[in-house]
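Inspection log for the structure reproduced underneath, given as structure tokens.
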Amino acid sequence: MLSQWHLPMIVGASLSLLSAIGAQAQDAQLPVVTVAKPVVRDVIDSDEFIGRFEPVDEVQVRARIGGYLDEINFTDGALVKKGDKLFVIDQRPYRTALSQAESTLESARSTLEFADAQFKRTQSLTGTGTLSISTLDDHRRELLSAQALVRGAEAAVERAKLDLDYTTIMAPLSGRVDRRLLSTGNLVQADQTVLTTIVSLDPIDFYFDVDERRLLSYARVARERGSALQEGGGALEVMVTIADTNEEPFKGKLDFAENRVDPQSGTMRVRARLENPNLVLQPGLFGRVQIEGSNTYKAVLIPDEAIGADQNERIVYEVTADGTVVTKPVRLGPRLHGYRVIRSGMTGEETIVVNGLMRARPGTKVKPETIQLPPEGPAAGAAPATGAAQ
């Protein structure tokens, strides 16, 4: 039989046990959500555009003189170097023209020698009074005329040599040659007939269009780096990816922008230049370029799954120390390192719901399970979304 001293102790213990059981039952009824601290790190904003590769240099190979095509000295689609012989036009008419010009030059030089001797003889006789001054003037005129004929004949020889040199058509730049557009035996019109084309491959340019808002941002960054967007692009770095996912992104830098915004589209064409030592990039290919849109700054990053919506606002759910859920309106930025940048509304010290948003209601309590977000999100290797703030 229990004493009167033991009974209050048993009753107290029972009440404590019942209270603990009730608290456990209440905790068991709270919705479970996963919470974490945001990732805070130094980032650089990145935007994405679609563009096309173009050669730095491109030339249509034409003949400077006319004639019948005699030789073709390259394989269609081959890589050529500057100065390589590509075509030869029938040289026989031009060799004949050169011989004729050289003969005319010899005749003119002979006439000059005779006129010079006549002038000197007349000059000596005029000094003795044997011949008149008018005769001396006539011979001086003949000498000057003979000198002019020699200069004209020399120019004709140089032109004939030049035309003969033009019969051999050299590659004006290094790059990849297109197919031959004419076969041997065809008539080539001077300065008109296109024989083939050559494009340079390394380095290679990438052109894309930028809207006004982001154009102003890039121009500001370029000015902060002591340059102008039109003069070197502020050396902003870019990464270009192509359709072949096996290829790593190609690195380059902005180096030019047009001098005006297109009034119809509201965009400006911008150019980046990339090294292409392995000749993987080809003129005409499409690509996606990621471009730095800011200088380095410290940003708050959270998963896209942690972002909710309240009418036109974007919100996140913060869990306070006692487990109460409160909402925080935020302004979103671009997607970087697998996370979404928060432009405003968070300091980075909050504990937010990252999984279980459907179970979190503002003003209610939840049972948080804390995790730590990695520095790189699960989609960090994917192409980032366009960096327009929302």
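Ligands are numbered from 1 in the order shown, chains are lettered A, B, ... in the order of the structure tokens, and residues start at 1 in each chain.
All residues of protein, DNA or RNA that reach within 8 Å of Pro375 (chain A), judged by only C-alpha atoms and not counting those fewer than 2 positions away in the chain, are Val39, His337, Leu373 and Gly377 of chain A.
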Save out the residues we just selected, N, CA and C atoms, as a compact mmCIF listing (two decimals), in the first residue's frame.
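Dumped everything to again16.txt:
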# COMPACT_ATOMS: atom_id res chain seq x y z
N VAL A 39 23.05 30.15 -50.29
CA VAL A 39 24.47 30.19 -50.64
C VAL A 39 24.84 31.65 -50.90
N HIS A 337 25.54 29.30 -61.40
CA HIS A 337 26.08 28.21 -60.57
C HIS A 337 24.99 27.26 -60.09
N LEU A 373 23.19 23.59 -48.41
CA LEU A 373 23.25 23.65 -49.87
C LEU A 373 24.70 23.64 -50.33
N GLY A 377 25.01 24.34 -57.58
CA GLY A 377 23.73 23.67 -57.64
C GLY A 377 23.76 22.49 -58.58
Would you list the contacts of region 299-316 of chain A as number ranges by chain, taking every protein, DNA or RNA residue within 6 Å and counting only C-alpha atoms, but skipping same-chain residues closer than 4 positions in sequence? A: 38-41, 327-330, 339-342, 348, 354
Could the residues in this selection be saved with N, CA and C atoms as a compact mmCIF listing (two decimals), in the first residue's frame?
# COMPACT_ATOMS: atom_id res chain seq x y z
N PRO A 38 20.74 30.16 -47.46
CA PRO A 38 21.12 30.43 -48.85
C PRO A 38 22.64 30.33 -49.03
N VAL A 39 23.05 30.15 -50.29
CA VAL A 39 24.47 30.19 -50.64
C VAL A 39 24.84 31.65 -50.90
N VAL A 40 25.89 32.11 -50.24
CA VAL A 40 26.37 33.48 -50.44
C VAL A 40 27.79 33.38 -51.00
N ARG A 41 28.00 33.93 -52.20
CA ARG A 41 29.31 33.83 -52.83
C ARG A 41 29.50 34.95 -53.84
N THR A 327 6.53 34.85 -45.00
CA THR A 327 6.88 35.06 -46.41
C THR A 327 7.77 36.29 -46.54
N LYS A 328 8.66 36.23 -47.54
CA LYS A 328 9.53 37.36 -47.84
C LYS A 328 9.48 37.63 -49.35
N PRO A 329 8.97 38.79 -49.76
CA PRO A 329 9.00 39.13 -51.18
C PRO A 329 10.44 39.34 -51.64
N VAL A 330 10.77 38.86 -52.83
CA VAL A 330 12.13 38.98 -53.35
C VAL A 330 12.07 39.40 -54.81
N TYR A 339 21.95 28.02 -59.26
CA TYR A 339 20.99 28.66 -58.36
C TYR A 339 20.46 29.94 -59.02
N ARG A 340 19.44 30.52 -58.33
CA ARG A 340 18.86 31.78 -58.77
C ARG A 340 19.40 32.91 -57.89
N VAL A 341 19.86 33.97 -58.54
CA VAL A 341 20.36 35.13 -57.80
C VAL A 341 19.17 35.92 -57.25
N ILE A 342 19.28 36.33 -56.00
CA ILE A 342 18.26 37.18 -55.37
C ILE A 342 18.78 38.61 -55.38
N GLY A 348 20.85 36.75 -46.77
CA GLY A 348 21.67 35.54 -46.76
C GLY A 348 21.72 34.86 -45.42
N VAL A 354 13.33 24.92 -48.67
CA VAL A 354 13.82 24.55 -50.00
C VAL A 354 13.10 23.33 -50.55
When DSSP is applied to the backbone of this structure, which of region 68-171 of chain A are assigned alpha helix (DSSP H)? Write them out as a ChimeraX atom specification. /A:92-128,133-166
I need the residues of region 259-342 of chain A that end up classed as strand (DSSP E) by DSSP on the backbone, written out as an NGL selection string. :A and (267-274 or 286-292 or 297-302 or 308-310 or 313-319 or 325-336 or 339-342)
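Counting only C-alpha atoms, the residue from A:Thr196, A:Ser107, A:Gln264, A:Ser134 that sits nearest to Gly77 (chain A) is A:Thr196.
Distance annotation: of A:Asp322, A:Ile44, A:Tyr317, A:Leu86, the residue with the minimal separation from Met358 (chain A) is A:Tyr317; atom set is only C-alpha atoms.
The space separating CA of Val32 (chain A) from CA of Arg359 (chain A) comes to 7.5 Å.
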For region 283-288 of chain A, list every protein, DNA or RNA residue within 8 Å, evaluated using only C-alpha atoms, and leave out those in the same chain fewer than 3 positions away; present the list as a PyMOL selection string. chain A and resi 48-55+201+204+240-243
Print the selection's residues with all heavy atoms to a file, as an mmCIF file, in the first residue's frame.
data_model
loop_
_atom_site.group_PDB
_atom_site.id
_atom_site.type_symbol
_atom_site.label_atom_id
_atom_site.label_comp_id
_atom_site.auth_asym_id
_atom_site.auth_seq_id
_atom_site.Cartn_x
_atom_site.Cartn_y
_atom_site.Cartn_z
ATOM 1 N N GLU A 48 22.734 35.176 -71.871
ATOM 2 C CA GLU A 48 22.888 34.243 -72.991
ATOM 3 C C GLU A 48 22.204 34.782 -74.235
ATOM 4 O O GLU A 48 21.095 35.316 -74.169
ATOM 5 C CB GLU A 48 22.309 32.877 -72.631
ATOM 6 C CG GLU A 48 22.513 31.830 -73.734
ATOM 7 C CD GLU A 48 21.955 30.477 -73.348
ATOM 8 O OE1 GLU A 48 22.642 29.746 -72.608
ATOM 9 O OE2 GLU A 48 20.830 30.177 -73.758
ATOM 10 N N PHE A 49 22.884 34.658 -75.369
ATOM 11 C CA PHE A 49 22.344 35.082 -76.657
ATOM 12 C C PHE A 49 22.670 34.015 -77.701
ATOM 13 O O PHE A 49 23.586 33.211 -77.524
ATOM 14 C CB PHE A 49 22.951 36.416 -77.104
ATOM 15 C CG PHE A 49 22.775 37.529 -76.100
ATOM 16 C CD1 PHE A 49 23.761 37.799 -75.165
ATOM 17 C CD2 PHE A 49 21.634 38.303 -76.095
ATOM 18 C CE1 PHE A 49 23.619 38.817 -74.249
ATOM 19 C CE2 PHE A 49 21.474 39.322 -75.169
ATOM 20 C CZ PHE A 49 22.461 39.582 -74.252
ATOM 21 N N ILE A 50 21.910 34.054 -78.776
ATOM 22 C CA ILE A 50 22.160 33.164 -79.910
ATOM 23 C C ILE A 50 22.785 33.989 -81.027
ATOM 24 O O ILE A 50 22.336 35.104 -81.320
ATOM 25 C CB ILE A 50 20.866 32.492 -80.385
ATOM 26 C CG1 ILE A 50 20.319 31.581 -79.286
ATOM 27 C CG2 ILE A 50 21.106 31.690 -81.654
ATOM 28 C CD1 ILE A 50 18.989 30.936 -79.637
ATOM 29 N N GLY A 51 23.810 33.461 -81.643
ATOM 30 C CA GLY A 51 24.477 34.173 -82.715
ATOM 31 C C GLY A 51 25.048 33.213 -83.737
ATOM 32 O O GLY A 51 24.770 32.013 -83.717
ATOM 33 N N ARG A 52 25.874 33.758 -84.619
ATOM 34 C CA ARG A 52 26.424 32.967 -85.706
ATOM 35 C C ARG A 52 27.913 33.293 -85.882
ATOM 36 O O ARG A 52 28.341 34.431 -85.704
ATOM 37 C CB ARG A 52 25.668 33.287 -87.003
ATOM 38 C CG ARG A 52 26.028 32.375 -88.171
ATOM 39 C CD ARG A 52 25.403 32.879 -89.454
ATOM 40 N NE ARG A 52 23.957 32.788 -89.446
ATOM 41 C CZ ARG A 52 23.272 31.730 -89.849
ATOM 42 N NH1 ARG A 52 23.911 30.653 -90.263
ATOM 43 N NH2 ARG A 52 21.955 31.744 -89.855
ATOM 44 N N PHE A 53 28.669 32.261 -86.231
ATOM 45 C CA PHE A 53 30.097 32.444 -86.489
ATOM 46 C C PHE A 53 30.302 32.992 -87.903
ATOM 47 O O PHE A 53 29.627 32.579 -88.842
ATOM 48 C CB PHE A 53 30.843 31.117 -86.351
ATOM 49 C CG PHE A 53 30.949 30.619 -84.934
ATOM 50 C CD1 PHE A 53 30.065 29.657 -84.454
ATOM 51 C CD2 PHE A 53 31.918 31.110 -84.092
ATOM 52 C CE1 PHE A 53 30.155 29.200 -83.153
ATOM 53 C CE2 PHE A 53 32.024 30.654 -82.786
ATOM 54 C CZ PHE A 53 31.136 29.702 -82.317
ATOM 55 N N GLU A 54 31.251 33.917 -88.013
ATOM 56 C CA GLU A 54 31.620 34.491 -89.295
ATOM 57 C C GLU A 54 33.140 34.562 -89.374
ATOM 58 O O GLU A 54 33.815 34.726 -88.360
ATOM 59 C CB GLU A 54 31.034 35.896 -89.470
ATOM 60 C CG GLU A 54 29.517 35.951 -89.484
ATOM 61 C CD GLU A 54 28.901 35.302 -90.707
ATOM 62 O OE1 GLU A 54 29.660 35.049 -91.669
ATOM 63 O OE2 GLU A 54 27.683 35.035 -90.704
ATOM 64 N N PRO A 55 33.697 34.452 -90.587
ATOM 65 C CA PRO A 55 35.160 34.539 -90.698
ATOM 66 C C PRO A 55 35.654 35.945 -90.435
ATOM 67 O O PRO A 55 34.959 36.926 -90.719
ATOM 68 C CB PRO A 55 35.421 34.113 -92.155
ATOM 69 C CG PRO A 55 34.153 34.459 -92.875
ATOM 70 C CD PRO A 55 33.039 34.219 -91.884
ATOM 71 N N LEU A 201 39.952 30.984 -90.771
ATOM 72 C CA LEU A 201 39.335 30.138 -89.738
ATOM 73 C C LEU A 201 39.878 30.385 -88.335
ATOM 74 O O LEU A 201 39.181 30.128 -87.351
ATOM 75 C CB LEU A 201 39.524 28.660 -90.101
ATOM 76 C CG LEU A 201 38.824 28.188 -91.378
ATOM 77 C CD1 LEU A 201 39.188 26.739 -91.669
ATOM 78 C CD2 LEU A 201 37.326 28.353 -91.274
ATOM 79 N N ILE A 204 38.326 33.276 -85.248
ATOM 80 C CA ILE A 204 37.019 33.358 -85.881
ATOM 81 C C ILE A 204 36.130 34.283 -85.055
ATOM 82 O O ILE A 204 36.303 34.398 -83.835
ATOM 83 C CB ILE A 204 36.387 31.958 -86.022
ATOM 84 C CG1 ILE A 204 35.185 31.989 -86.963
ATOM 85 C CG2 ILE A 204 36.025 31.366 -84.659
ATOM 86 C CD1 ILE A 204 34.695 30.606 -87.361
ATOM 87 N N VAL A 240 31.208 30.386 -75.589
ATOM 88 C CA VAL A 240 30.310 30.021 -76.682
ATOM 89 C C VAL A 240 30.204 28.507 -76.741
ATOM 90 O O VAL A 240 31.220 27.799 -76.772
ATOM 91 C CB VAL A 240 30.807 30.575 -78.030
ATOM 92 C CG1 VAL A 240 29.837 30.196 -79.147
ATOM 93 C CG2 VAL A 240 30.960 32.085 -77.962
ATOM 94 N N THR A 241 28.969 28.010 -76.749
ATOM 95 C CA THR A 241 28.720 26.581 -76.902
ATOM 96 C C THR A 241 28.059 26.339 -78.246
ATOM 97 O O THR A 241 27.315 27.185 -78.753
ATOM 98 C CB THR A 241 27.818 26.043 -75.778
ATOM 99 O OG1 THR A 241 26.585 26.801 -75.758
ATOM 100 C CG2 THR A 241 28.496 26.188 -74.435
ATOM 101 N N ILE A 242 28.321 25.169 -78.826
ATOM 102 C CA ILE A 242 27.750 24.803 -80.118
ATOM 103 C C ILE A 242 26.859 23.581 -79.942
ATOM 104 O O ILE A 242 26.715 23.057 -78.834
ATOM 105 C CB ILE A 242 28.849 24.539 -81.155
ATOM 106 C CG1 ILE A 242 29.799 23.426 -80.685
ATOM 107 C CG2 ILE A 242 29.641 25.820 -81.425
ATOM 108 C CD1 ILE A 242 30.875 23.061 -81.708
ATOM 109 N N ALA A 243 26.254 23.133 -81.037
ATOM 110 C CA ALA A 243 25.285 22.044 -80.963
ATOM 111 C C ALA A 243 25.926 20.726 -80.516
ATOM 112 O O ALA A 243 25.246 19.873 -79.944
ATOM 113 C CB ALA A 243 24.599 21.870 -82.319
#
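Counting only C-alpha atoms and comparing A:Leu136, A:Val80, A:Ala160, A:Ala63, the residue that lies closest to Ser200 (chain A) is A:Val80.
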